[in-house]
Amino acid sequence: MNAPLVEAVDVRKQFGDNEVLKGITLAVAPGEVVGLIGPSGSGKSTFLRCINHLERIDGGELRVAGDLVGYREHNGKLYELREKEVAARREKIGMVFQRFNLFGHMTATENVMEGPVGGLGVPKAQAQAEARQLLTRVGLAHRLDAYPHELSGGQQQRVAIARALAMKPQLMLFDEATSALDPELVGEVLDVMRELADEGMTMIVVTHEMGFARDVADRVVFMDGGVVVEEGAARDVIERPQHPRTQEFLGKVR
Ligand code: ADP
Ligand code: MG
């Protein structure tokens with residue numbers, strides 16, 4: 001296996017007295033798609049937020065692309081990252097949330113251009129051309145100049161995916177990207193995610209769509225109570241879960 005793109009070793013996180021991640025160990029190889037499933041409150045979002053520098057971990061080690069999250073190393077010592085360093089590292093990671101959070105006063109194209117122009121200093125004309133390409137890739141060539149309120153939820157989420165891709169991330173994190181959508185709009189977003197996976201993007205996908213996890217993920221990880229209870233090849237975990245808690249969970253969501 002190539003050096004992992006994400007490497008978590010005994011990652012711990014607590015909010016006050018509430019230990020939410022109780023030692024998560026997980027490696028994700030470049031190009032791998034990991035489906036992260038588990039009941040509400042099991043720590044899935046917190047884990048993704050730790051990977052994306054949105055939460056500080058309280059124990060263990062977490063590396064993305066070889067870099068320690070939250071710290072940099074120098075002569076064997078650890079130093080906390082400065083804000084600028086965190087920002088630079090976060091640029092490697094795209095994250096798509098349940099809520100799309102597009103800028104309401106900007107068109108689809110402008111939403112996608114914003115990060116490259118504002119964050120990376122890409123010239124506007126180039127960023128605009130790339131934004132149009134990305135929007136075309138997610139099936140929105142006909143809505144380039146639409147404002148978010150003129151778009152369906154599925155279209156808005158596809159703009160959000162294009163916006164994340166515009167930063168040319170090494171890793172994409174999806175946190176229940178389809179949970180807020182009307183059922184008839186879920187498929188078009190999953191299709192875009194499936195294409196990304198097929199193109200070799202490294203992805204961690206928190207989802208309640210078990211069919212998607214089974215078919216698209218290489219590996220499925222079942223979390224409960226802040227620990228990884230079971231993991232394995234996607235089809236094995238979804239169709240033949242070994243652990244009683246996994247069996248119970250899958251029995252409920254099916
Ligand atoms: P999941 O995404 O699996 O539903 P979360 O990671 O959102 O789980 O939450 C795990 C636990 O952490 C829950 O008990 C939740 O209430 C708690 N939690 C999450 N974020 C915070 C926060 N910012 N402050 C306090 N508690 C939090
Ligand atoms: Mg969550």
# chains A, B, ... in the order shown; residues from 1 in each chain; ligands from 1
call {"tool": "residues_near_ligand", "arguments": {"ligand": "ligand 2", "cutoff": "10 Å", "atoms": "only C-alpha atoms and all ligand atoms", "output": "ChimeraX atom specification"}}
result
/A:37-49,97-98,175-176,206-207
call {"tool": "write_last_selection", "arguments": {"atoms": "N, CA, C and O atoms", "output": "mmCIF file, in the first residue's frame"}}
result
data_model
loop_
_atom_site.group_PDB
_atom_site.id
_atom_site.type_symbol
_atom_site.label_atom_id
_atom_site.label_comp_id
_atom_site.auth_asym_id
_atom_site.auth_seq_id
_atom_site.Cartn_x
_atom_site.Cartn_y
_atom_site.Cartn_z
ATOM 1 N N ILE A 37 -19.984 4.808 8.433
ATOM 2 C CA ILE A 37 -21.388 4.689 8.823
ATOM 3 C C ILE A 37 -21.478 4.514 10.331
ATOM 4 O O ILE A 37 -20.485 4.211 10.997
ATOM 5 N N GLY A 38 -22.678 4.729 10.843
ATOM 6 C CA GLY A 38 -22.889 4.552 12.273
ATOM 7 C C GLY A 38 -24.033 5.410 12.749
ATOM 8 O O GLY A 38 -24.425 6.360 12.074
ATOM 9 N N PRO A 39 -24.561 5.083 13.940
ATOM 10 C CA PRO A 39 -25.711 5.825 14.430
ATOM 11 C C PRO A 39 -25.378 7.282 14.722
ATOM 12 O O PRO A 39 -24.214 7.653 14.859
ATOM 13 N N SER A 40 -26.419 8.080 14.817
ATOM 14 C CA SER A 40 -26.279 9.482 15.162
ATOM 15 C C SER A 40 -25.567 9.604 16.511
ATOM 16 O O SER A 40 -25.855 8.850 17.439
ATOM 17 N N GLY A 41 -24.612 10.511 16.588
ATOM 18 C CA GLY A 41 -23.895 10.725 17.841
ATOM 19 C C GLY A 41 -22.689 9.828 18.025
ATOM 20 O O GLY A 41 -22.011 9.884 19.058
ATOM 21 N N SER A 42 -22.370 9.005 17.026
ATOM 22 C CA SER A 42 -21.254 8.068 17.192
ATOM 23 C C SER A 42 -19.886 8.727 16.977
ATOM 24 O O SER A 42 -18.863 8.102 17.240
ATOM 25 N N GLY A 43 -19.874 9.971 16.488
ATOM 26 C CA GLY A 43 -18.608 10.689 16.353
ATOM 27 C C GLY A 43 -18.109 10.844 14.927
ATOM 28 O O GLY A 43 -16.996 11.323 14.703
ATOM 29 N N LYS A 44 -18.943 10.495 13.955
ATOM 30 C CA LYS A 44 -18.520 10.533 12.549
ATOM 31 C C LYS A 44 -18.149 11.954 12.117
ATOM 32 O O LYS A 44 -17.077 12.181 11.543
ATOM 33 N N SER A 45 -19.050 12.900 12.386
ATOM 34 C CA SER A 45 -18.783 14.286 11.977
ATOM 35 C C SER A 45 -17.572 14.842 12.707
ATOM 36 O O SER A 45 -16.742 15.542 12.118
ATOM 37 N N THR A 46 -17.474 14.532 13.984
ATOM 38 C CA THR A 46 -16.331 15.028 14.762
ATOM 39 C C THR A 46 -15.027 14.513 14.164
ATOM 40 O O THR A 46 -14.052 15.263 14.042
ATOM 41 N N PHE A 47 -15.017 13.259 13.759
ATOM 42 C CA PHE A 47 -13.801 12.692 13.175
ATOM 43 C C PHE A 47 -13.443 13.421 11.874
ATOM 44 O O PHE A 47 -12.290 13.809 11.658
ATOM 45 N N LEU A 48 -14.437 13.642 11.015
ATOM 46 C CA LEU A 48 -14.162 14.379 9.773
ATOM 47 C C LEU A 48 -13.668 15.790 10.090
ATOM 48 O O LEU A 48 -12.761 16.303 9.442
ATOM 49 N N ARG A 49 -14.288 16.416 11.090
ATOM 50 C CA ARG A 49 -13.891 17.783 11.449
ATOM 51 C C ARG A 49 -12.465 17.829 11.997
ATOM 52 O O ARG A 49 -11.739 18.801 11.772
ATOM 53 N N PHE A 97 -20.827 19.447 3.163
ATOM 54 C CA PHE A 97 -21.685 19.237 4.326
ATOM 55 C C PHE A 97 -23.120 18.962 3.885
ATOM 56 O O PHE A 97 -23.482 19.128 2.721
ATOM 57 N N GLN A 98 -23.910 18.616 4.884
ATOM 58 C CA GLN A 98 -25.345 18.438 4.637
ATOM 59 C C GLN A 98 -25.962 19.738 4.092
ATOM 60 O O GLN A 98 -26.713 19.725 3.134
ATOM 61 N N ASP A 175 -19.915 14.828 4.445
ATOM 62 C CA ASP A 175 -20.635 14.569 5.698
ATOM 63 C C ASP A 175 -22.141 14.607 5.445
ATOM 64 O O ASP A 175 -22.752 15.659 5.456
ATOM 65 N N GLU A 176 -22.702 13.463 5.195
ATOM 66 C CA GLU A 176 -24.138 13.335 4.920
ATOM 67 C C GLU A 176 -24.584 14.324 3.851
ATOM 68 O O GLU A 176 -25.562 15.045 4.017
ATOM 69 N N VAL A 206 -19.301 10.012 4.851
ATOM 70 C CA VAL A 206 -20.277 9.673 5.884
ATOM 71 C C VAL A 206 -21.641 9.656 5.218
ATOM 72 O O VAL A 206 -22.042 10.655 4.590
ATOM 73 N N THR A 207 -22.319 8.534 5.289
ATOM 74 C CA THR A 207 -23.580 8.432 4.560
ATOM 75 C C THR A 207 -24.542 7.458 5.214
ATOM 76 O O THR A 207 -24.135 6.543 5.925
#
call {"tool": "residues_around", "arguments": {"residues": "segment 80-86 of chain A", "least_positions_apart": "4", "cutoff": "10 Å", "atoms": "only C-alpha atoms", "output": "list in words"}}
result
Asn52, His53, Leu54, Leu68, Val69, Gly70, Tyr71, Arg72, Glu73, Arg90 and Glu91 of chain A
call {"tool": "write_last_selection", "arguments": {"atoms": "C-alpha atoms", "output": "CSV table (one decimal), in the first residue's frame"}}
result
chain,number,residue,atom,x,y,z
A,52,ASN,CA,-10.2,19.0,8.4
A,53,HIS,CA,-8.6,21.0,11.2
A,54,LEU,CA,-12.0,22.2,12.4
A,68,LEU,CA,0.5,16.2,11.5
A,69,VAL,CA,-2.9,17.8,11.9
A,70,GLY,CA,-2.7,20.6,14.5
A,71,TYR,CA,1.0,20.5,14.8
A,72,ARG,CA,4.2,20.7,12.8
A,73,GLU,CA,7.4,18.9,13.7
A,90,ARG,CA,-7.0,22.9,4.8
A,91,GLU,CA,-6.6,23.9,1.1
call {"tool": "residues_around", "arguments": {"residues": "Ile57 of chain A", "least_positions_apart": "5", "cutoff": "8 Å", "atoms": "only C-alpha atoms", "output": "number ranges by chain"}}
result
A: 11-13, 50, 70
call {"tool": "select_by_dssp", "arguments": {"residues": "segment 97-209 of chain A", "states": "alpha helix (DSSP H)", "output": "PyMOL selection string"}}
result
chain A and resi 108-120+124-137+153-165+183-198
call {"tool": "residues_around", "arguments": {"residues": "Met106 of chain A", "least_positions_apart": "4", "cutoff": "10 Å", "atoms": "only C-alpha atoms", "output": "ChimeraX atom specification"}}
result
/A:102,110-114,145-148
call {"tool": "closest_residue", "arguments": {"among": "A:Ala131, A:Val186, A:Ala108, A:Leu144", "to": "Val159 of chain A", "atoms": "only C-alpha atoms"}}
result
A:Ala108
call {"tool": "closest_residue", "arguments": {"among": "A:His243, A:His208, A:Lys124, A:Lys252", "to": "ligand 1", "atoms": "only C-alpha atoms and all ligand atoms"}}
result
A:His208
call {"tool": "residues_around", "arguments": {"residues": "Gly211 of chain A", "least_positions_apart": "3", "cutoff": "10 Å", "atoms": "only C-alpha atoms", "output": "PDB file with N, CA and C atoms, in the first residue's frame"}}
result
ATOM      1  N   THR A 207     -22.319   8.534   5.289  1.00  0.00           N
ATOM      2  CA  THR A 207     -23.580   8.432   4.560  1.00  0.00           C
ATOM      3  C   THR A 207     -24.542   7.458   5.214  1.00  0.00           C
ATOM      4  N   HIS A 208     -25.822   7.717   4.996  1.00  0.00           N
ATOM      5  CA  HIS A 208     -26.863   6.753   5.379  1.00  0.00           C
ATOM      6  C   HIS A 208     -27.342   5.967   4.167  1.00  0.00           C
ATOM      7  N   ARG A 214     -22.081   0.415  -0.212  1.00  0.00           N
ATOM      8  CA  ARG A 214     -21.758  -0.935  -0.663  1.00  0.00           C
ATOM      9  C   ARG A 214     -21.119  -0.918  -2.054  1.00  0.00           C
ATOM     10  N   ASP A 215     -21.705  -0.103  -2.946  1.00  0.00           N
ATOM     11  CA  ASP A 215     -21.275  -0.151  -4.354  1.00  0.00           C
ATOM     12  C   ASP A 215     -20.064   0.724  -4.652  1.00  0.00           C
ATOM     13  N   VAL A 216     -19.915   1.834  -3.948  1.00  0.00           N
ATOM     14  CA  VAL A 216     -18.896   2.815  -4.320  1.00  0.00           C
ATOM     15  C   VAL A 216     -17.685   2.775  -3.395  1.00  0.00           C
ATOM     16  N   ALA A 217     -17.919   2.537  -2.112  1.00  0.00           N
ATOM     17  CA  ALA A 217     -16.787   2.534  -1.185  1.00  0.00           C
ATOM     18  C   ALA A 217     -15.944   1.276  -1.394  1.00  0.00           C
ATOM     19  N   ALA A 234     -16.367  -3.216   1.619  1.00  0.00           N
ATOM     20  CA  ALA A 234     -17.702  -2.620   1.707  1.00  0.00           C
ATOM     21  C   ALA A 234     -18.805  -3.674   1.667  1.00  0.00           C
ATOM     22  N   ARG A 235     -18.706  -4.559   0.702  1.00  0.00           N
ATOM     23  CA  ARG A 235     -19.763  -5.545   0.517  1.00  0.00           C
ATOM     24  C   ARG A 235     -19.869  -6.481   1.739  1.00  0.00           C
ATOM     25  N   ILE A 238     -21.516  -4.459   4.748  1.00  0.00           N
ATOM     26  CA  ILE A 238     -22.923  -4.119   4.539  1.00  0.00           C
ATOM     27  C   ILE A 238     -23.790  -5.372   4.433  1.00  0.00           C
ATOM     28  N   ARG A 254     -31.999  -0.191   6.992  1.00  0.00           N
ATOM     29  CA  ARG A 254     -32.420  -0.826   5.724  1.00  0.00           C
ATOM     30  C   ARG A 254     -33.905  -0.713   5.513  1.00  0.00           C
TER      31      ARG A 254
END
call {"tool": "select_by_dssp", "arguments": {"residues": "segment 24-133 of chain A", "states": "strand (DSSP E or B)", "output": "PyMOL selection string"}}
result
chain A and resi 24-28+33-37+59-64+67-68+71-74+77-80+93-96
call {"tool": "write_last_selection", "arguments": {"atoms": "C-alpha atoms", "output": "PDB file, in the first residue's frame"}}
result
ATOM      1  CA  ILE A  24      -9.855   5.981  16.393  1.00  0.00           C
ATOM      2  CA  THR A  25      -7.224   4.194  14.345  1.00  0.00           C
ATOM      3  CA  LEU A  26      -7.741   4.293  10.614  1.00  0.00           C
ATOM      4  CA  ALA A  27      -5.593   4.651   7.519  1.00  0.00           C
ATOM      5  CA  VAL A  28      -6.890   5.746   4.134  1.00  0.00           C
ATOM      6  CA  VAL A  33     -13.010   5.510  -0.900  1.00  0.00           C
ATOM      7  CA  VAL A  34     -14.024   4.858   2.687  1.00  0.00           C
ATOM      8  CA  GLY A  35     -17.660   4.802   3.709  1.00  0.00           C
ATOM      9  CA  LEU A  36     -18.125   5.870   7.321  1.00  0.00           C
ATOM     10  CA  ILE A  37     -21.388   4.689   8.823  1.00  0.00           C
ATOM     11  CA  GLY A  59      -4.877  12.587  22.024  1.00  0.00           C
ATOM     12  CA  GLY A  60      -3.301  10.297  19.483  1.00  0.00           C
ATOM     13  CA  GLU A  61      -1.898  11.304  16.145  1.00  0.00           C
ATOM     14  CA  LEU A  62      -3.565  12.410  12.984  1.00  0.00           C
ATOM     15  CA  ARG A  63      -1.747  12.967   9.720  1.00  0.00           C
ATOM     16  CA  VAL A  64      -3.018  14.102   6.370  1.00  0.00           C
ATOM     17  CA  ASP A  67       1.597  16.281   7.888  1.00  0.00           C
ATOM     18  CA  LEU A  68       0.506  16.163  11.486  1.00  0.00           C
ATOM     19  CA  TYR A  71       1.049  20.468  14.817  1.00  0.00           C
ATOM     20  CA  ARG A  72       4.218  20.748  12.844  1.00  0.00           C
ATOM     21  CA  GLU A  73       7.377  18.910  13.669  1.00  0.00           C
ATOM     22  CA  HIS A  74      10.794  20.465  13.997  1.00  0.00           C
ATOM     23  CA  LYS A  77       9.462  18.522  18.699  1.00  0.00           C
ATOM     24  CA  LEU A  78       5.864  19.446  18.085  1.00  0.00           C
ATOM     25  CA  TYR A  79       4.699  22.999  17.617  1.00  0.00           C
ATOM     26  CA  GLU A  80       1.160  24.141  17.233  1.00  0.00           C
ATOM     27  CA  ILE A  93      -8.970  19.023   1.824  1.00  0.00           C
ATOM     28  CA  GLY A  94     -12.406  19.540   0.321  1.00  0.00           C
ATOM     29  CA  MET A  95     -15.423  19.128   2.553  1.00  0.00           C
ATOM     30  CA  VAL A  96     -19.069  18.913   1.613  1.00  0.00           C
TER      31      VAL A  96
END
call {"tool": "atom_distance", "arguments": {"atom1": "atom CA of Glu230 of chain A", "atom2": "atom CA of Ile161 of chain A"}}
result
28.8 Å
call {"tool": "residues_around", "arguments": {"residues": "segment 136-142 of chain A", "least_positions_apart": "6", "cutoff": "9 Å", "atoms": "only C-alpha atoms", "output": "list in words"}}
result
Ala108, Gln155, Arg158, Val159, Ile161, Ala162, Glu188, Val189, Asp191 and Val192 of chain A
call {"tool": "atom_distance", "arguments": {"atom1": "atom CA of Thr202 of chain A", "atom2": "atom CA of Pro244 of chain A"}}
result
29.4 Å
call {"tool": "closest_residue", "arguments": {"among": "A:Asn101, A:Ala213, A:Gly226, A:Ala164", "to": "ligand 1", "atoms": "only C-alpha atoms and all ligand atoms"}}
result
A:Gly226
call {"tool": "atom_distance", "arguments": {"atom1": "atom CA of Gln242 of chain A", "atom2": "atom CA of Leu173 of chain A"}}
result
26.4 Å
call {"tool": "closest_residue", "arguments": {"among": "A:Glu231, A:Asp17, A:Glu7, A:Asp198", "to": "ligand 1", "atoms": "only C-alpha atoms and all ligand atoms"}}
result
A:Asp17
call {"tool": "closest_residue", "arguments": {"among": "A:Val228, A:Val237, A:Leu181, A:Val122", "to": "ligand 1", "atoms": "only C-alpha atoms and all ligand atoms"}}
result
A:Val228
call {"tool": "closest_residue", "arguments": {"among": "A:Ala197, A:Gly104, A:Arg163, A:Ile51", "to": "Ala127 of chain A", "atoms": "only C-alpha atoms"}}
result
A:Arg163
